[in-house]
Structure formats: structure tokens, C-alpha cells
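Everything below belongs to model-v4.tsv, which stores TSV, C-alpha atoms.
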chain	number	residue	atom	x	y	z
A	427	MET	CA	66.12	34.21	12.96
A	428	ALA	CA	68.84	36.52	14.32
A	429	SER	CA	67.86	39.79	15.97
A	430	PRO	CA	69.18	43.19	14.75
A	431	ALA	CA	71.32	43.54	17.86
A	432	SER	CA	72.94	40.26	17.16
A	433	LYS	CA	73.65	41.39	13.71
A	434	ASN	CA	75.32	44.55	14.97
A	435	ASP	CA	77.43	42.61	17.45
A	436	ASN	CA	78.55	40.33	14.72
A	437	ASN	CA	79.59	43.29	12.57
A	438	PRO	CA	83.41	43.51	12.86
A	439	SER	CA	83.57	47.14	11.77
A	440	LYS	CA	81.13	48.28	14.36
A	441	ARG	CA	82.78	46.17	17.09
A	442	LYS	CA	86.16	47.72	16.28
A	443	LYS	CA	84.78	51.22	16.63
A	444	LYS	CA	83.25	50.30	19.98
A	445	ASP	CA	86.53	48.88	21.29
A	446	SER	CA	88.42	51.97	20.16
A	447	SER	CA	85.97	54.22	21.97
A	448	THR	CA	86.35	52.19	25.11
A	449	ASP	CA	90.14	52.34	24.96
A	450	THR	CA	90.00	56.13	24.54
A	451	GLU	CA	87.80	56.45	27.58
A	452	ASP	CA	90.10	54.18	29.59
A	453	LEU	CA	93.12	56.24	28.53
A	454	GLN	CA	91.43	59.48	29.51
A	455	THR	CA	90.46	57.98	32.85
A	456	THR	CA	94.04	56.86	33.42
A	457	GLU	CA	95.41	60.32	32.61
A	458	VAL	CA	92.95	61.87	35.02
A	459	GLU	CA	93.97	59.42	37.70
A	460	VAL	CA	97.65	60.07	37.04
A	461	SER	CA	97.06	63.82	37.19
A	462	MET	CA	95.20	63.39	40.48
A	463	LEU	CA	97.98	61.23	41.86
A	464	ARG	CA	100.55	63.84	40.87
A	465	SER	CA	98.46	66.53	42.51
A	466	ILE	CA	98.14	64.40	45.63
A	467	ASN	CA	101.89	63.74	45.61
A	468	ASN	CA	102.61	67.43	45.22
A	469	LYS	CA	100.31	68.18	48.14
A	470	LEU	CA	101.92	65.43	50.17
A	471	ASP	CA	105.34	66.85	49.40
A	472	LEU	CA	104.11	70.29	50.44
A	473	LEU	CA	102.66	68.84	53.63
A	474	MET	CA	105.95	67.11	54.34
A	475	GLU	CA	107.80	70.40	53.85
A	476	LEU	CA	105.32	72.18	56.09
A	477	HIS	CA	105.65	69.43	58.68
A	478	GLN	CA	109.43	69.72	58.61
A	479	LEU	CA	109.17	73.49	58.84
A	480	MET	CA	106.81	73.18	61.81
A	481	LYS	CA	109.26	70.81	63.51
A	482	GLU	CA	112.09	73.30	62.98
A	483	MET	CA	109.91	76.13	64.27
A	484	GLN	CA	109.01	74.04	67.32
A	485	VAL	CA	112.70	73.42	68.00
A	486	SER	CA	113.37	77.17	67.66
A	487	LEU	CA	110.46	77.96	69.96
A	488	ASN	CA	111.65	75.46	72.55
A	489	PHE	CA	115.13	77.01	72.38
A	490	ALA	CA	113.63	80.49	72.72
A	491	TYR	CA	111.53	79.37	75.70
A	492	GLU	CA	114.62	77.92	77.36
A	493	LYS	CA	116.49	81.17	76.78
A	494	ILE	CA	113.57	83.16	78.18
A	495	ASP	CA	113.49	80.95	81.29
A	496	GLN	CA	117.25	81.35	81.61
A	497	LEU	CA	117.02	85.13	81.23
A	498	GLU	CA	114.18	85.32	83.75
A	499	SER	CA	116.24	83.31	86.21
A	500	GLU	CA	119.27	85.55	85.63
A	501	ASN	CA	117.08	88.64	85.93
A	502	LYS	CA	115.72	87.42	89.27
A	503	SER	CA	119.28	86.82	90.43
A	504	LEU	CA	120.34	90.28	89.27
A	505	ASN	CA	117.33	91.88	90.98
A	506	ALA	CA	118.20	90.08	94.19
A	507	THR	CA	121.80	91.33	93.89
A	508	VAL	CA	120.61	94.88	93.18
A	509	ASP	CA	118.27	94.75	96.19
A	510	LEU	CA	121.11	93.51	98.37
A	511	LEU	CA	123.46	96.23	97.12
A	512	THR	CA	120.74	98.86	97.57
A	513	ASN	CA	120.16	97.74	101.15
A	514	LYS	CA	123.89	97.80	101.82
A	515	THR	CA	124.16	101.25	100.24
A	516	ASP	CA	121.28	102.53	102.36
A	517	THR	CA	122.89	101.04	105.45
A	518	LEU	CA	126.25	102.62	104.62
A	519	ALA	CA	124.57	105.97	103.91
A	520	LYS	CA	122.82	105.85	107.29
A	521	GLU	CA	126.05	104.87	109.04
A	522	ASN	CA	127.95	107.62	107.22
A	523	LYS	CA	125.29	110.16	108.18
A	524	LYS	CA	125.45	108.99	111.79
A	525	ILE	CA	129.25	109.29	111.81
A	526	ASN	CA	129.04	112.76	110.21
A	527	GLU	CA	126.52	113.91	112.82
A	528	THR	CA	128.73	112.50	115.58
A	529	VAL	CA	131.75	114.39	114.24
A	530	LEU	CA	129.72	117.60	113.99
A	531	ASP	CA	128.49	117.12	117.55
A	532	ILE	CA	132.06	116.65	118.80
A	533	GLN	CA	133.22	119.73	116.89
A	534	SER	CA	130.30	121.77	118.24
A	535	ARG	CA	131.05	120.67	121.80
A	536	SER	CA	134.71	121.63	121.37
A	537	MET	CA	133.52	125.11	120.35
A	538	ARG	CA	130.90	125.34	123.10
A	539	ASP	CA	132.83	127.98	125.06
A	540	ASN	CA	133.97	129.92	121.98
A	541	LEU	CA	132.75	133.31	120.78
A	542	ILE	CA	133.44	135.08	117.51
A	543	PHE	CA	134.01	138.82	117.71
A	544	LEU	CA	133.27	140.51	114.40
A	545	GLY	CA	134.13	143.90	112.96
A	546	ILE	CA	137.35	144.62	114.76
A	547	PRO	CA	139.31	146.62	112.11
A	548	GLU	CA	142.62	145.33	110.88
A	549	ASN	CA	144.35	148.60	111.75
A	550	LEU	CA	143.47	148.01	115.39
A	551	SER	CA	145.10	144.62	115.45
A	552	SER	CA	148.30	144.19	117.41
A	553	ASP	CA	150.78	141.61	118.52
A	554	ASP	CA	148.62	141.13	121.62
A	555	PRO	CA	145.14	140.16	120.42
A	556	GLU	CA	144.01	139.37	123.96
A	557	ALA	CA	144.72	142.95	125.05
A	558	LEU	CA	142.93	144.19	121.94
A	559	LEU	CA	139.90	142.04	122.77
A	560	LYS	CA	139.81	143.22	126.38
A	561	ASP	CA	139.84	146.80	125.18
A	562	PHE	CA	136.97	145.94	122.81
A	563	MET	CA	134.95	144.40	125.69
A	564	ILE	CA	135.46	147.47	127.84
A	565	SER	CA	134.86	150.12	125.19
A	566	LYS	CA	132.14	148.42	123.09
A	567	LEU	CA	130.48	145.87	125.37
A	568	LYS	CA	130.67	148.10	128.45
A	569	LEU	CA	132.04	145.32	130.61
A	570	PRO	CA	133.60	146.49	133.94
A	571	PRO	CA	137.42	146.27	133.71
A	572	ASP	CA	137.65	144.41	137.03
A	573	THR	CA	135.66	141.48	135.57
A	574	LEU	CA	138.21	140.89	132.83
A	575	THR	CA	140.59	138.63	134.69
A	576	ALA	CA	143.70	137.27	133.04
A	577	SER	CA	142.16	133.81	132.74
A	578	LEU	CA	138.80	134.98	131.41
A	579	PHE	CA	139.55	133.92	127.83
A	580	THR	CA	142.24	132.91	125.40
A	581	VAL	CA	142.40	133.86	121.72
A	582	CYS	CA	142.29	130.86	119.39
A	583	THR	CA	145.43	130.73	117.28
A	584	ASP	CA	145.05	127.15	116.06
A	585	SER	CA	145.72	126.87	112.32
A	586	VAL	CA	142.47	124.93	112.02
A	587	VAL	CA	140.65	128.16	112.86
A	588	PRO	CA	141.78	130.73	110.25
A	589	ARG	CA	141.95	134.35	111.32
A	590	ALA	CA	139.98	136.80	109.23
A	591	ARG	CA	141.24	140.35	109.27
A	592	ASP	CA	138.24	141.66	111.25
A	593	LEU	CA	137.45	138.54	113.26
A	594	ILE	CA	138.78	137.23	116.57
A	595	ILE	CA	137.81	133.88	118.07
A	596	ALA	CA	138.09	133.62	121.84
A	597	LYS	CA	137.63	130.61	124.11
A	598	LEU	CA	136.04	131.59	127.41
A	599	GLU	CA	137.23	130.06	130.67
A	600	HIS	CA	133.69	129.16	131.76
A	601	TYR	CA	130.40	128.93	129.94
A	602	LYS	CA	128.88	131.48	132.34
A	603	HIS	CA	131.42	134.05	131.10
A	604	LYS	CA	130.17	133.42	127.58
A	605	ASP	CA	126.59	134.12	128.68
A	606	ILE	CA	127.67	137.36	130.35
A	607	ILE	CA	129.43	138.61	127.22
A	608	LYS	CA	126.53	137.57	124.96
A	609	SER	CA	124.10	139.43	127.21
A	610	LYS	CA	126.14	142.57	126.56
A	611	ALA	CA	126.00	142.08	122.79
A	612	ARG	CA	122.90	144.33	122.67
A	613	GLU	CA	125.33	147.21	123.19
A	614	LEU	CA	126.53	146.54	119.63
A	615	LYS	CA	123.10	146.94	118.01
A	616	GLY	CA	123.30	149.26	115.03
A	617	SER	CA	127.10	149.07	114.87
A	618	LYS	CA	129.40	147.15	112.57
A	619	PHE	CA	130.47	144.92	115.44
A	620	GLY	CA	129.00	141.59	116.43
A	621	VAL	CA	129.39	138.68	118.84
A	622	ASN	CA	128.33	135.20	117.75
A	623	ASP	CA	128.63	131.61	118.85
A	624	GLN	CA	131.15	129.54	116.94
A	625	PHE	CA	129.97	126.42	115.10
A	626	PRO	CA	131.39	124.15	112.39
A	627	LYS	CA	130.70	125.40	108.87
A	628	GLU	CA	128.05	122.78	108.18
A	629	ILE	CA	126.18	123.74	111.35
A	630	ASN	CA	126.42	127.41	110.38
A	631	ASP	CA	124.94	126.60	106.97
A	632	ARG	CA	122.02	124.84	108.67
A	633	ARG	CA	121.46	127.78	111.00
A	634	LYS	CA	121.40	130.14	108.01
A	635	THR	CA	118.62	127.99	106.54
A	636	LEU	CA	116.64	128.05	109.79
A	637	TYR	CA	117.09	131.73	110.62
A	638	PRO	CA	114.47	133.13	108.16
A	639	ILE	CA	111.97	130.53	109.37
A	640	MET	CA	112.62	131.46	112.99
A	641	LYS	CA	112.23	135.15	112.13
A	642	GLN	CA	108.92	134.50	110.39
A	643	HIS	CA	107.54	132.59	113.39
A	644	ARG	CA	108.60	135.37	115.72
A	645	GLN	CA	106.79	137.88	113.53
A	646	ASN	CA	103.71	135.69	113.99
A	647	ASN	CA	104.07	136.11	117.77
A	648	LYS	CA	105.36	132.59	118.30
A	649	ARG	CA	108.18	131.65	120.63
A	650	ALA	CA	110.96	130.49	118.33
A	651	TYR	CA	114.59	129.83	119.14
A	652	MET	CA	117.53	127.77	117.90
A	653	VAL	CA	119.65	125.25	119.76
A	654	VAL	CA	122.72	124.55	117.60
A	655	ASP	CA	121.10	123.29	114.36
A	656	LYS	CA	117.59	122.71	115.69
A	657	LEU	CA	114.70	125.16	115.64
A	658	TYR	CA	111.98	125.06	118.28
A	659	VAL	CA	108.64	126.80	117.79
A	660	ASP	CA	106.39	127.06	120.83
A	661	GLY	CA	108.35	124.24	122.41
A	662	GLN	CA	108.01	121.91	119.41
A	663	LEU	CA	110.94	120.81	117.24
A	664	TYR	CA	110.57	122.19	113.73
A	665	GLN	CA	111.03	119.42	111.15
A	666	SER	CA	110.68	119.44	107.38
A	667	PRO	CA	112.23	116.90	104.98
A	668	SER	CA	112.98	119.66	102.47
A	669	THR	CA	114.32	122.19	104.99
A	670	THR	CA	115.87	120.07	107.75
A	671	PRO	CA	116.95	116.81	106.03
A	672	TRP	CA	119.63	116.28	108.72
A	673	LEU	CA	116.82	115.46	111.19
A	674	PHE	CA	115.57	112.53	109.11

File written out as C-alpha cells:
Amino acid sequence: MASPASKNDNNPSKRKKKDSSTDTEDLQTTEVEVSMLRSINNKLDLLMELHQLMKEMQVSLNFAYEKIDQLESENKSLNATVDLLTNKTDTLAKENKKINETVLDIQSRSMRDNLIFLGIPENLSSDDPEALLKDFMISKLKLPPDTLTASLFTVCTDSVVPRARDLIIAKLEHYKHKDIIKSKARELKGSKFGVNDQFPKEINDRRKTLYPIMKQHRQNNKRAYMVVDKLYVDGQLYQSPSTTPWLF
């Protein structure tokens, strides 16, 4: 006797329904698989694009790194060149300063025996400035006439030394004569006249800078005096980068 299950299996209508259901399930499974494959393919495509993009970025980075290395190398070369030029400039500046100081020293030595007489009025000038200066030495400096020999001094008429209307520059025959005349300069105190050493303009500018400092030290009971463009205080050379840069 056949079982109920066997009866159902032998029922064509029921078997057809079962096969249809199975086909539907298989179709749905296939669609899901296809959808998953498409999704996977899309992701693979995206990964491939990202991979390609990463490769391009790596190439760009490598190029950038090469450029950076090149720029660093060029920068080092430029820095070395700048350092070399700086050193050469410093050397030239030092040599130029040395030459300038040498020229000033030569000029100062050439003026060593010179004195500048200030305040002689223009209306007292004459065609014989030496006679005028001798009269000034006798009347204002109180020098004995018999000491004023013909060869005592000569008036500078060189075009390099311009004549001011109340200024006469004289070159003394000997340095000792210059000291004698300077020692008499105290006779001019309180008057409009003056007797000064002659120096190049640059040296005079330096002395003008040092004079107030010397005066201040003297007011403080210190022994201060100038030798050309150098100030000595209690026997020590006064030096300051801001005030006496020519000494550095």
C-alpha cells in the first residue's frame, strides 16, 4: 500500500508547483549573485582607478623630491657663493679702510708743520700775506720781532688748500717753531683770533667727535689729550665702536 508521501510525489500538479518554486529561488539566487559580482566589479574598477591615481601621485612625489633635492643642492651652492662674496667684500672693505687710513696718515704728516691762523679780517689782507702774518704774530701773539726770521714760515698758496677770507695757513720751517707759536696762543684767549693745527677734513671731523669727550674727562679731573685722531685718558687709548669706529 502506497504511503501519502508517495501519493503526493506522484501528483503531477503538486510536482509542477514544487519545480516552479525551485526555479524562482534559483533565479533569485542568480540575480543576487550577479548583483554581488557587479558590485565587486565596480569596487575592483574603483580600486584600479585608485591604484592608478596612487601611481601617478607617487610619480609626482618622486619628481617633487628630485626637485627639492636639486633646489637644496643649488641653495647650498648659492650659499657657498654668497659666503665667498661676503668674505671677499669684507676683505676689500678692510683693505680699503687700511688704504684710507694710510692716505690720511700721509696727509697728516704732510701738514705736520702747518698752523692755521683764524680771525684775521679780510680788510687787513694784503698782497704780502707773510708780512701780514708776521705783524699778527708780533701784535697778537707777542712774539719778539727778532725771532721772526725770513725763513721761519711760508704761507700755503697751494690750490689744494683753499684760502678762507679770515684764515691763513702757514708752514713752519721747523716743528719747534710750531710749538713756540702754539705756546703763545694763550695770548688770544677771549679774542676772535685762533691758532690751530692743520689736519685733513676727515681727521678734523674725528677730532670734533672726540673733543666733547675729552672735555668731559678733564672736568672729571682726568688727564685727557688728543694725538691727531686718538684720545688718551689717563694714559689709556679711548676706544668705542660707536664713537671711534676708525680704531676698529

Enter the distance from CA of Leu567 in chain A to CA of Ala611 in chain A, in Å, rounded to one decimal.
6.4 Å

Quick one: distance from CA of Thr573 in chain A to CA of Leu559 in chain A in Å, one decimal?
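Taking CA of Thr573 in chain A as the start and CA of Leu559 in chain A as the end point, the length is 13.5 Å.
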
Residue nearest Asp623 in chain A among A:Arg649, A:Lys493, A:Lys520, A:Arg535 (counting all atoms listed in the file)
A:Arg535

Quick one: residues within 10 Å of Met652 in chain A, only C-alpha atoms counted, chain neighbours fewer than 5 positions away excluded, as a VMD selection string?
chain A and resid 633 636 to 637 640 657 to 659 663 to 664

Between CA of Val581 in chain A and CA of Val653 in chain A, measure the distance and give it in Å to one decimal.
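Between CA of Val581 in chain A and CA of Val653 in chain A the gap works out to 24.4 Å.
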
Quick one: everything within 10 Å of Pro626 in chain A, counting all atoms listed in the file, minus sequence neighbours fewer than 6 positions away in the same chain. Send it as a VMD selection string.
chain A and resid 529 to 534 536 to 537

Which residue out of A:Leu479, A:Ile639, A:Val621, A:Ile564 has the minimum interatomic distance to Thr670 in chain A when all atoms listed in the file are used?
A:Ile639

Which residue is closest to Asn647 in chain A? Choose from A:Asp631, A:Glu492, A:Asp660, A:Glu599 and count only C-alpha atoms.
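The shortest atom-to-atom distance to Asn647 in chain A comes from A:Asp660.
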
Which of A:Lys602, A:Lys566, A:Arg612, A:Lys641 sits closest to Gly545 in chain A [using all atoms listed in the file]
A:Lys566

For range 530-543 of chain A, what centre and edge lengths in Å (one decimal) does the axis-aligned box get once 3 Å is added on each side of all its listed atoms, as JSON?
{"center_x": 131.6, "center_y": 127.7, "center_z": 119.5, "size_x": 12.2, "size_y": 28.2, "size_z": 17.1}

From the set A:Val485, A:Ala519, A:Ala490, A:Leu569, which residue has the shortest atom-to-atom contact distance to Lys610 in chain A, counting only C-alpha atoms?
A:Leu569
